$ cat final_26.txt   # compact mmCIF, C-alpha atoms and all ligand atoms
# COMPACT_ATOMS: atom_id res chain seq x y z
CA MET N 1 235.70 87.64 213.97
CA TYR N 2 233.54 84.67 213.13
CA LEU N 3 235.14 81.38 212.10
CA LEU N 4 232.60 81.09 209.29
CA GLU N 5 230.24 83.57 207.74
CA THR N 6 228.05 83.21 204.65
CA LYS N 7 226.75 86.33 202.94
CA ASP N 8 223.84 86.06 200.53
CA LEU N 9 225.05 82.61 199.44
CA LYS N 10 223.30 81.16 196.40
CA VAL N 11 223.67 77.67 194.93
CA HIS N 12 221.70 77.03 191.76
CA PHE N 13 221.54 73.93 189.59
CA PRO N 14 220.26 73.62 186.02
CA MET N 15 217.42 71.09 185.71
CA LYS N 16 218.71 67.79 184.23
CA ASN N 17 216.22 67.54 181.37
CA ASP N 18 215.74 71.28 180.78
CA LYS N 19 218.91 73.32 181.26
CA LYS N 20 216.94 76.58 180.97
CA VAL N 21 215.15 75.84 184.25
CA VAL N 22 217.23 76.65 187.32
CA ILE N 23 216.70 75.01 190.71
CA LYS N 24 217.45 77.57 193.41
CA ALA N 25 218.50 75.08 196.08
CA VAL N 26 220.08 77.82 198.23
CA ASP N 27 218.89 81.33 197.50
CA GLY N 28 220.51 84.05 199.56
CA VAL N 29 221.60 82.46 202.83
CA SER N 30 223.50 84.53 205.42
CA PHE N 31 224.65 83.40 208.86
CA GLN N 32 227.67 83.56 211.16
CA ILE N 33 229.33 80.89 213.32
CA PRO N 34 231.55 82.02 216.21
CA GLU N 35 234.63 79.91 216.95
CA GLY N 36 234.09 76.99 219.33
CA LYS N 37 230.29 77.08 219.05
CA THR N 38 227.67 74.87 217.44
CA PHE N 39 225.38 76.42 214.87
CA GLY N 40 222.27 74.51 213.80
CA LEU N 41 220.68 74.55 210.36
CA VAL N 42 217.19 73.05 210.54
CA GLY N 43 214.31 72.46 208.19
CA GLU N 44 212.49 69.75 206.31
CA SER N 45 214.23 67.54 203.81
CA GLY N 46 214.95 69.44 200.57
CA CYS N 47 215.09 72.91 202.20
CA GLY N 48 218.72 73.45 201.16
CA LYS N 49 220.59 72.80 204.40
CA SER N 50 222.81 70.00 203.07
CA THR N 51 223.44 71.96 199.85
CA THR N 52 224.57 74.92 201.97
CA ALA N 53 226.99 72.61 203.82
CA ARG N 54 228.37 71.18 200.59
CA ALA N 55 228.94 74.67 199.24
CA ILE N 56 230.88 75.56 202.41
CA ILE N 57 233.17 72.58 201.91
CA ARG N 58 233.15 73.48 198.20
CA LEU N 59 231.71 70.21 196.91
CA TYR N 60 229.25 72.52 195.12
CA GLU N 61 230.13 75.71 193.31
CA PRO N 62 228.26 78.76 194.67
CA ALA N 63 226.34 80.74 192.04
CA SER N 64 227.05 83.95 193.98
CA GLY N 65 227.60 85.32 197.46
CA GLU N 66 230.48 84.97 199.88
CA ILE N 67 231.72 82.22 202.19
CA LEU N 68 234.14 83.81 204.65
CA PHE N 69 236.29 81.30 206.51
CA GLN N 70 238.55 83.00 209.08
CA GLY N 71 237.71 86.24 207.27
CA LYS N 72 238.80 85.03 203.80
CA ASN N 73 236.29 84.48 201.00
CA ILE N 74 236.69 80.86 199.90
CA ALA N 75 233.74 80.81 197.46
CA ASN N 76 235.99 80.83 194.39
CA LEU N 77 239.14 79.05 195.63
CA LYS N 78 240.87 76.63 193.31
CA GLY N 79 243.85 74.23 193.31
CA LYS N 80 246.16 74.26 196.34
CA GLU N 81 244.17 76.87 198.24
CA LEU N 82 240.99 74.82 197.89
CA LYS N 83 242.83 71.69 199.07
CA GLU N 84 244.03 73.63 202.13
CA HIS N 85 240.47 74.83 202.83
CA ARG N 86 239.20 71.25 202.74
CA ARG N 87 241.81 70.29 205.30
CA ASN N 88 240.35 72.87 207.71
CA VAL N 89 236.73 71.94 207.11
CA GLN N 90 235.69 68.32 207.41
CA MET N 91 232.35 66.58 207.22
CA VAL N 92 230.63 63.75 209.06
CA PHE N 93 227.87 62.23 206.97
CA GLN N 94 224.44 60.96 207.88
CA ASP N 95 224.85 57.38 206.83
CA PRO N 96 227.87 55.68 208.40
CA TYR N 97 227.04 52.58 206.34
CA ALA N 98 227.37 54.36 202.99
CA SER N 99 230.15 56.82 203.88
CA LEU N 100 232.80 54.21 204.72
CA ASN N 101 234.59 52.22 202.04
CA PRO N 102 233.72 48.56 202.77
CA ARG N 103 237.10 47.42 201.37
CA MET N 104 239.16 49.57 203.73
CA THR N 105 240.02 48.62 207.30
CA VAL N 106 239.46 51.12 210.11
CA ASN N 107 243.20 51.79 210.07
CA GLN N 108 243.23 52.56 206.34
CA THR N 109 240.07 54.66 206.58
CA ILE N 110 241.39 56.94 209.32
CA MET N 111 244.89 57.13 207.81
CA ASP N 112 243.65 57.92 204.30
CA PRO N 113 243.27 61.74 204.72
CA MET N 114 246.70 61.90 206.39
CA LYS N 115 248.25 60.09 203.42
CA ILE N 116 246.52 62.44 200.96
CA TYR N 117 247.89 65.46 202.80
CA GLY N 118 251.25 63.86 203.67
CA THR N 119 251.04 64.77 207.35
CA GLY N 120 253.96 62.68 208.62
CA THR N 121 255.96 59.47 208.48
CA LYS N 122 254.22 56.11 208.47
CA ASP N 123 254.95 55.65 212.18
CA GLU N 124 253.62 59.12 213.02
CA MET N 125 250.44 58.50 211.05
CA GLN N 126 249.97 55.12 212.74
CA LYS N 127 250.39 56.71 216.16
CA ARG N 128 247.79 59.33 215.21
CA VAL N 129 245.32 56.64 214.06
CA TYR N 130 245.55 54.97 217.47
CA GLU N 131 245.16 58.34 219.23
CA LEU N 132 242.06 59.13 217.19
CA MET N 133 240.57 55.68 217.85
CA GLU N 134 241.02 56.22 221.56
CA LEU N 135 239.59 59.72 221.31
CA VAL N 136 236.33 58.45 219.76
CA GLY N 137 236.06 55.42 222.05
CA LEU N 138 237.23 52.64 219.74
CA ASP N 139 239.60 49.92 220.93
CA LYS N 140 242.78 50.01 218.85
CA ARG N 141 242.66 46.22 218.59
CA PHE N 142 239.82 46.82 216.08
CA ALA N 143 242.13 48.70 213.69
CA LYS N 144 242.40 45.84 211.21
CA ARG N 145 238.66 45.20 211.03
CA TYR N 146 236.34 46.20 208.19
CA PRO N 147 233.24 48.45 208.49
CA HIS N 148 230.77 45.53 208.23
CA GLU N 149 232.16 44.13 211.49
CA PHE N 150 230.90 47.17 213.45
CA SER N 151 227.56 48.45 214.72
CA GLY N 152 226.03 51.67 213.34
CA GLY N 153 227.25 53.71 216.32
CA GLN N 154 230.77 52.32 216.03
CA ARG N 155 230.82 53.11 212.32
CA GLN N 156 229.85 56.68 213.05
CA ARG N 157 232.74 56.83 215.55
CA ILE N 158 235.04 55.72 212.70
CA GLY N 159 233.58 58.49 210.50
CA ILE N 160 234.20 61.05 213.26
CA ALA N 161 237.80 59.85 213.74
CA ARG N 162 238.41 60.17 209.99
CA ALA N 163 236.95 63.70 210.01
CA LEU N 164 239.30 64.70 212.86
CA ALA N 165 242.44 63.17 211.33
CA LEU N 166 243.65 66.49 209.86
CA ASN N 167 242.86 68.65 212.91
CA PRO N 168 240.06 70.62 211.22
CA ARG N 169 238.78 73.94 212.60
CA LEU N 170 235.19 73.42 211.45
CA VAL N 171 233.32 70.12 211.35
CA ILE N 172 230.08 69.91 209.41
CA LEU N 173 227.79 67.31 210.96
CA ASP N 174 225.14 66.43 208.40
CA GLU N 175 222.36 64.59 210.26
CA PRO N 176 225.05 62.66 212.16
CA VAL N 177 222.66 60.57 214.28
CA SER N 178 219.49 60.26 212.23
CA ALA N 179 220.47 56.87 210.77
CA LEU N 180 221.25 55.45 214.22
CA ASP N 181 219.11 53.66 216.80
CA VAL N 182 217.66 56.07 219.35
CA SER N 183 219.57 54.28 222.12
CA VAL N 184 222.88 55.05 220.37
CA GLN N 185 222.08 58.63 219.33
CA SER N 186 222.77 60.21 222.72
CA GLN N 187 226.12 58.43 223.01
CA ILE N 188 227.26 59.93 219.70
CA LEU N 189 225.89 63.39 220.57
CA ASN N 190 227.70 63.31 223.92
CA LEU N 191 230.89 62.18 222.20
CA LEU N 192 230.60 65.15 219.81
CA LYS N 193 230.14 67.52 222.75
CA ASP N 194 233.16 66.06 224.58
CA LEU N 195 235.32 66.35 221.46
CA GLN N 196 234.24 69.95 220.93
CA ARG N 197 235.27 70.84 224.47
CA GLU N 198 238.56 68.97 224.25
CA LEU N 199 239.64 70.15 220.78
CA ASN N 200 237.90 73.57 220.64
CA LEU N 201 236.00 72.50 217.54
CA THR N 202 233.37 74.57 215.79
CA TYR N 203 230.35 72.67 214.46
CA LEU N 204 227.81 73.32 211.75
CA PHE N 205 225.07 70.93 212.81
CA ILE N 206 222.46 70.01 210.22
CA SER N 207 219.30 68.27 211.29
CA HIS N 208 215.59 67.99 210.70
CA ASN N 209 215.19 66.96 214.36
CA LEU N 210 214.59 69.96 216.62
CA SER N 211 215.04 67.98 219.83
CA VAL N 212 218.58 67.11 218.76
CA VAL N 213 219.28 70.69 217.68
CA ASP N 214 217.96 71.91 221.05
CA TYR N 215 220.46 69.63 222.79
CA MET N 216 223.46 70.54 220.64
CA CYS N 217 223.30 74.12 219.34
CA GLU N 218 223.87 77.62 220.72
CA ASN N 219 222.48 79.39 217.64
CA ILE N 220 220.02 78.16 215.04
CA ALA N 221 218.87 79.12 211.55
CA VAL N 222 215.60 77.72 210.22
CA MET N 223 215.58 77.11 206.46
CA TYR N 224 212.66 76.84 204.10
CA LEU N 225 212.91 76.37 200.34
CA GLY N 226 216.46 77.68 200.03
CA HIS N 227 216.01 80.63 202.42
CA VAL N 228 216.80 81.23 206.07
CA VAL N 229 213.42 82.34 207.45
CA GLU N 230 214.42 82.84 211.09
CA GLN N 231 217.66 82.93 213.05
CA ALA N 232 218.20 83.25 216.79
CA SER N 233 219.92 81.88 219.85
CA ARG N 234 218.51 78.52 220.89
CA GLU N 235 216.86 80.03 223.97
CA GLU N 236 215.10 82.77 222.02
CA LEU N 237 214.06 80.58 219.11
CA PHE N 238 212.47 77.96 221.35
CA ARG N 239 210.95 80.48 223.77
CA GLU N 240 209.61 82.96 221.25
CA PRO N 241 209.56 81.69 217.67
CA LYS N 242 208.34 84.45 215.36
CA HIS N 243 208.06 82.82 211.96
CA PRO N 244 204.93 80.71 211.34
CA TYR N 245 207.12 77.95 209.89
CA THR N 246 209.29 77.79 213.03
CA GLN N 247 206.14 77.86 215.16
CA ALA N 248 204.70 74.94 213.20
CA LEU N 249 207.92 72.92 213.48
CA LEU N 250 207.99 73.50 217.25
CA SER N 251 204.31 72.71 217.66
CA ALA N 252 205.01 69.22 216.37
CA ILE N 253 207.27 68.52 219.37
CA PRO N 254 205.58 69.59 222.63
CA SER N 255 208.33 67.85 224.61
CA ILE N 256 210.64 70.79 223.82
CA GLY N 257 208.98 72.94 226.41
CA HIS N 258 205.92 74.00 224.48
CA GLN N 259 202.75 72.89 226.15
CA LEU N 260 200.11 72.40 223.48
CA THR N 261 197.38 75.06 223.82
CA GLY N 262 195.07 73.73 221.14
CA GLU N 263 195.76 76.77 218.97
CA GLU N 264 198.81 75.39 217.22
CA LYS N 265 198.96 75.60 213.46
CA PHE N 266 200.44 72.37 212.23
CA LEU N 267 202.17 72.09 208.89
CA THR N 268 200.11 70.78 206.01
CA GLY N 269 201.02 70.17 202.39
CA ASP N 270 204.40 69.50 200.82
CA ILE N 271 207.34 71.82 200.21
CA PRO N 272 206.86 73.36 196.74
CA SER N 273 209.46 72.58 194.07
CA PRO N 274 212.50 74.88 194.19
CA ALA N 275 212.38 74.77 190.36
CA ASN N 276 209.07 76.61 190.57
CA PRO N 277 208.96 78.45 193.91
CA PRO N 278 205.84 80.37 194.96
CA SER N 279 205.72 84.12 194.35
CA GLY N 280 206.15 86.54 197.26
CA CYS N 281 206.85 84.72 200.51
CA ALA N 282 207.96 81.18 199.64
CA PHE N 283 205.99 79.84 202.63
CA HIS N 284 202.64 81.37 201.65
CA THR N 285 201.24 78.15 200.16
CA ARG N 286 201.43 76.50 203.60
CA CYS N 287 201.07 79.47 205.92
CA PRO N 288 197.81 79.80 207.91
CA TYR N 289 198.30 83.61 208.09
CA ALA N 290 199.02 84.27 204.40
CA THR N 291 197.49 87.43 202.91
CA ASP N 292 197.49 88.91 199.42
CA ARG N 293 200.59 90.87 200.32
CA CYS N 294 202.38 87.58 201.20
CA ARG N 295 201.49 86.16 197.78
CA GLN N 296 202.94 89.19 195.98
CA GLU N 297 205.81 90.56 198.05
CA ALA N 298 208.77 88.70 199.53
CA PRO N 299 209.31 89.68 203.18
CA VAL N 300 212.55 91.41 204.13
CA ARG N 301 214.74 90.79 207.15
CA THR N 302 213.37 92.15 210.42
CA GLN N 303 215.56 92.43 213.50
CA VAL N 304 213.57 91.15 216.48
CA SER N 305 216.40 91.55 219.00
CA GLY N 306 220.22 91.53 219.05
CA THR N 307 220.67 88.09 217.48
CA HIS N 308 217.11 87.29 216.47
CA THR N 309 216.05 87.95 212.86
CA VAL N 310 212.99 86.86 210.90
CA PHE N 311 211.58 87.17 207.37
CA CYS N 312 207.81 87.58 207.72
CA HIS N 313 205.35 90.41 206.98
CA LEU N 314 203.71 89.82 210.36
CA GLN N 315 206.89 91.22 211.95
CA ASP N 316 207.73 94.11 209.61
CA LYS N 317 204.97 96.47 210.69
FE1 LIG N 401 203.10 83.62 206.42
FE2 LIG N 401 202.99 85.94 205.13
FE3 LIG N 401 204.73 85.62 207.11
FE4 LIG N 401 205.10 84.37 204.80
S1 LIG N 401 205.13 86.58 205.13
S2 LIG N 401 205.30 83.50 206.79
S3 LIG N 401 202.99 83.88 204.20
S4 LIG N 401 202.48 85.60 207.26
$ encode --input "final_26.txt" --output "structure tokens"
Amino acid sequence: MYLLETKDLKVHFPMKNDKKVVIKAVDGVSFQIPEGKTFGLVGESGCGKSTTARAIIRLYEPASGEILFQGKNIANLKGKELKEHRRNVQMVFQDPYASLNPRMTVNQTIMDPMKIYGTGTKDEMQKRVYELMELVGLDKRFAKRYPHEFSGGQRQRIGIARALALNPRLVILDEPVSALDVSVQSQILNLLKDLQRELNLTYLFISHNLSVVDYMCENIAVMYLGHVVEQASREELFREPKHPYTQALLSAIPSIGHQLTGEEKFLTGDIPSPANPPSGCAFHTRCPYATDRCRQEAPVRTQVSGTHTVFCHLQDK
């Protein structure tokens, strides 16, 4: 059984100034995350990856579809059951500057979720705060300091400690290093890997940076305009990308093992608005191989191999 599975998940929002127009931010996303593994969701900004994550933690209400967590559909949970779900699924945000309350000390920040869930006596919670600080590489003498007294990397360590306070099963990492200096990024990524090994954590890793995803993830889904367009193990996706969008993303980073041949098709143009998506294949306005069929007919899922799937007419012959 997978720890998390989404089935045809849709998250739609009405347009602010015209409620009749619906933005299909996530439009039929299905993937599975085995326990103890890291699953990457990649794509350009606005493709729906963060919205998918927020639906999984139920900050957004799904329009339809299923979110199976440990086999149970949590898409429509309410009240106590929803609170329990949020204890099991925690999130680390992109911006450690904005995600920490500047008026709370490190001690208060890490203890806060434990207080909300009433996980022990004051002494027990204090002991746990110190344990968590040690776990993420923060000196416990810093417990009474405020976020502004720390560097970006240290603040992200505080955010990670807070996310681990309730012993979650799944941690959603939403661009966890993209706001950090390059020199600090690898330290945080290595910390996340060590914590995963030590605590048997499962990660949903969201990033626009394929080099980082290559380093962190076992399986990857590529998203475009609210859809997963390709899904595979890391090895297969990087060795043999099938979707023209994945190929274009990979072509932009030759360091990932793709020697440039001069025949790469780089991405041009902007992502169309999800309020007015293109007909047929959503990628056809940017795809160098688009045909009339692509403009009229949405591609269906094609199984390339055991774990490799793609949505493209070039593959469904
Ligand atoms: Fe390109 Fe057509 Fe494949 Fe879409 S279905 S990715 S437009 S070739």
$ atom_distance --input "final_26.txt" --atom1 "CA of Ala290 (chain N)" --atom2 "CA of Gln303 (chain N)"
20.6 Å
$ residues_around --input "final_26.txt" --residues "Lys242 (chain N)" --least-positions-apart "2" --cutoff "9 Å" --atoms "all atoms listed in the file" --output "CSV table (one decimal) with C-alpha atoms, in the frame of the given file"
chain,number,residue,atom,x,y,z
N,230,GLU,CA,214.4,82.8,211.1
N,237,LEU,CA,214.1,80.6,219.1
N,240,GLU,CA,209.6,83.0,221.2
N,244,PRO,CA,204.9,80.7,211.3
N,245,TYR,CA,207.1,78.0,209.9
N,246,THR,CA,209.3,77.8,213.0
N,247,GLN,CA,206.1,77.9,215.2
N,304,VAL,CA,213.6,91.2,216.5
N,309,THR,CA,216.0,88.0,212.9
N,310,VAL,CA,213.0,86.9,210.9
N,312,CYS,CA,207.8,87.6,207.7
N,314,LEU,CA,203.7,89.8,210.4
N,315,GLN,CA,206.9,91.2,212.0
$ residues_near_ligand --input "final_26.txt" --ligand "ligand LIG 401 (chain N)" --cutoff "10 Å" --atoms "all atoms listed in the file" --output "ChimeraX atom specification"
/N:229,242-246,280-300,310-316
$ atom_distance --input "final_26.txt" --atom1 "CA of Met114 (chain N)" --atom2 "CA of Leu164 (chain N)"
10.2 Å
$ atom_distance --input "final_26.txt" --atom1 "CA of Arg155 (chain N)" --atom2 "CA of Arg87 (chain N)"
21.6 Å
$ residues_near_point --input "final_26.txt" --point "(221.5, 71.5, 187.1)" --cutoff "12 Å" --atoms "all atoms listed in the file" --output "list in words"
Val11, His12, Phe13, Pro14, Met15, Lys16, Asn17, Asp18, Lys19, Lys20, Val21, Val22, Ile23, Lys24, Ala25, Tyr60, Glu61, Ala63, Pro274 and Ala275 of chain N
$ residues_around --input "final_26.txt" --residues "Lys144 (chain N)" --least-positions-apart "3" --cutoff "8 Å" --atoms "only C-alpha atoms" --output "number ranges by chain"
N: 105-107, 141
$ closest_atom_pairs --input "final_26.txt" --of "region 162-260 of chain N" --to "region 119-134 of chain N" --cutoff "10 Å" --atoms "only C-alpha atoms" --output "CSV"
residue,atom,partner,partner_atom,distance
N:Arg162,CA,N:Leu132,CA,8.1
N:Ala163,CA,N:Leu132,CA,9.9
N:Leu164,CA,N:Leu132,CA,7.6
N:Ala165,CA,N:Leu132,CA,7.1
N:Leu166,CA,N:Thr119,CA,8.0
$ residues_around --input "final_26.txt" --residues "region 167-169 of chain N" --least-positions-apart "5" --cutoff "6 Å" --atoms "all atoms listed in the file" --output "PyMOL selection string"
chain N and resi 88-89+201
$ write_last_selection --input "final_26.txt" --atoms "C-alpha atoms" --output "short mmCIF file (atom, residue, chain, number, x, y, z; two decimals), in the coordinates of the input"
data_model
loop_
_atom_site.label_atom_id
_atom_site.label_comp_id
_atom_site.auth_asym_id
_atom_site.auth_seq_id
_atom_site.Cartn_x
_atom_site.Cartn_y
_atom_site.Cartn_z
CA ASN N 88 240.35 72.87 207.71
CA VAL N 89 236.73 71.94 207.11
CA LEU N 201 236.00 72.50 217.54
#
$ closest_residue --input "final_26.txt" --among "N:Leu173, N:Leu138, N:Leu195, N:Val42" --to "Ser211 (chain N)" --atoms "only C-alpha atoms"
N:Val42
$ closest_residue --input "final_26.txt" --among "N:Leu9, N:Leu189, N:Leu82, N:Ala179" --to "Glu66 (chain N)" --atoms "only C-alpha atoms"
N:Leu9
$ residues_around --input "final_26.txt" --residues "Phe93 (chain N)" --least-positions-apart "2" --cutoff "7 Å" --atoms "all atoms listed in the file" --output "ChimeraX atom specification"
/N:91,95-96,99,173-176
$ closest_atom_pairs --input "final_26.txt" --of "region 157-265 of chain N" --to "region 28-31 of chain N" --cutoff "8 Å" --atoms "all atoms listed in the file" --output "JSON lines"
{"residue": "N:Ala221", "atom": "CA", "partner": "N:Phe31", "partner_atom": "CA", "distance": 7.7}
{"residue": "N:Gly226", "atom": "CA", "partner": "N:Val29", "partner_atom": "CA", "distance": 7.6}
{"residue": "N:His227", "atom": "CA", "partner": "N:Val29", "partner_atom": "CA", "distance": 5.9}
{"residue": "N:Val228", "atom": "CA", "partner": "N:Val29", "partner_atom": "CA", "distance": 5.9}
$ write_last_selection --input "final_26.txt" --atoms "C-alpha atoms" --output "CSV table (one decimal), in the coordinates of the input"
chain,number,residue,atom,x,y,z
N,221,ALA,CA,218.9,79.1,211.6
N,226,GLY,CA,216.5,77.7,200.0
N,227,HIS,CA,216.0,80.6,202.4
N,228,VAL,CA,216.8,81.2,206.1
$ residues_around --input "final_26.txt" --residues "Leu191 (chain N)" --least-positions-apart "3" --cutoff "9 Å" --atoms "only C-alpha atoms" --output "ChimeraX atom specification"
/N:136-137,157,186-188,194-196
$ write_last_selection --input "final_26.txt" --atoms "C-alpha atoms" --output "PDB file, in the frame of the given file"
ATOM      1  CA  VAL N 136     236.330  58.450 219.760  1.00  0.00           C
ATOM      2  CA  GLY N 137     236.060  55.420 222.050  1.00  0.00           C
ATOM      3  CA  ARG N 157     232.740  56.830 215.550  1.00  0.00           C
ATOM      4  CA  SER N 186     222.770  60.210 222.720  1.00  0.00           C
ATOM      5  CA  GLN N 187     226.120  58.430 223.010  1.00  0.00           C
ATOM      6  CA  ILE N 188     227.260  59.930 219.700  1.00  0.00           C
ATOM      7  CA  ASP N 194     233.160  66.060 224.580  1.00  0.00           C
ATOM      8  CA  LEU N 195     235.320  66.350 221.460  1.00  0.00           C
ATOM      9  CA  GLN N 196     234.240  69.950 220.930  1.00  0.00           C
TER      10      GLN N 196
END
$ closest_residue --input "final_26.txt" --among "N:Pro34, N:Gly269, N:Gly40, N:Gly153" --to "Met223 (chain N)" --atoms "all atoms listed in the file"
N:Gly40
$ closest_residue --input "final_26.txt" --among "N:Gly159, N:Pro278, N:Pro241, N:Gly36" --to "Asp112 (chain N)" --atoms "all atoms listed in the file"
N:Gly159
$ closest_residue --input "final_26.txt" --among "N:Cys217, N:Met104, N:Val177, N:Leu59" --to "Glu149 (chain N)" --atoms "all atoms listed in the file"
N:Met104
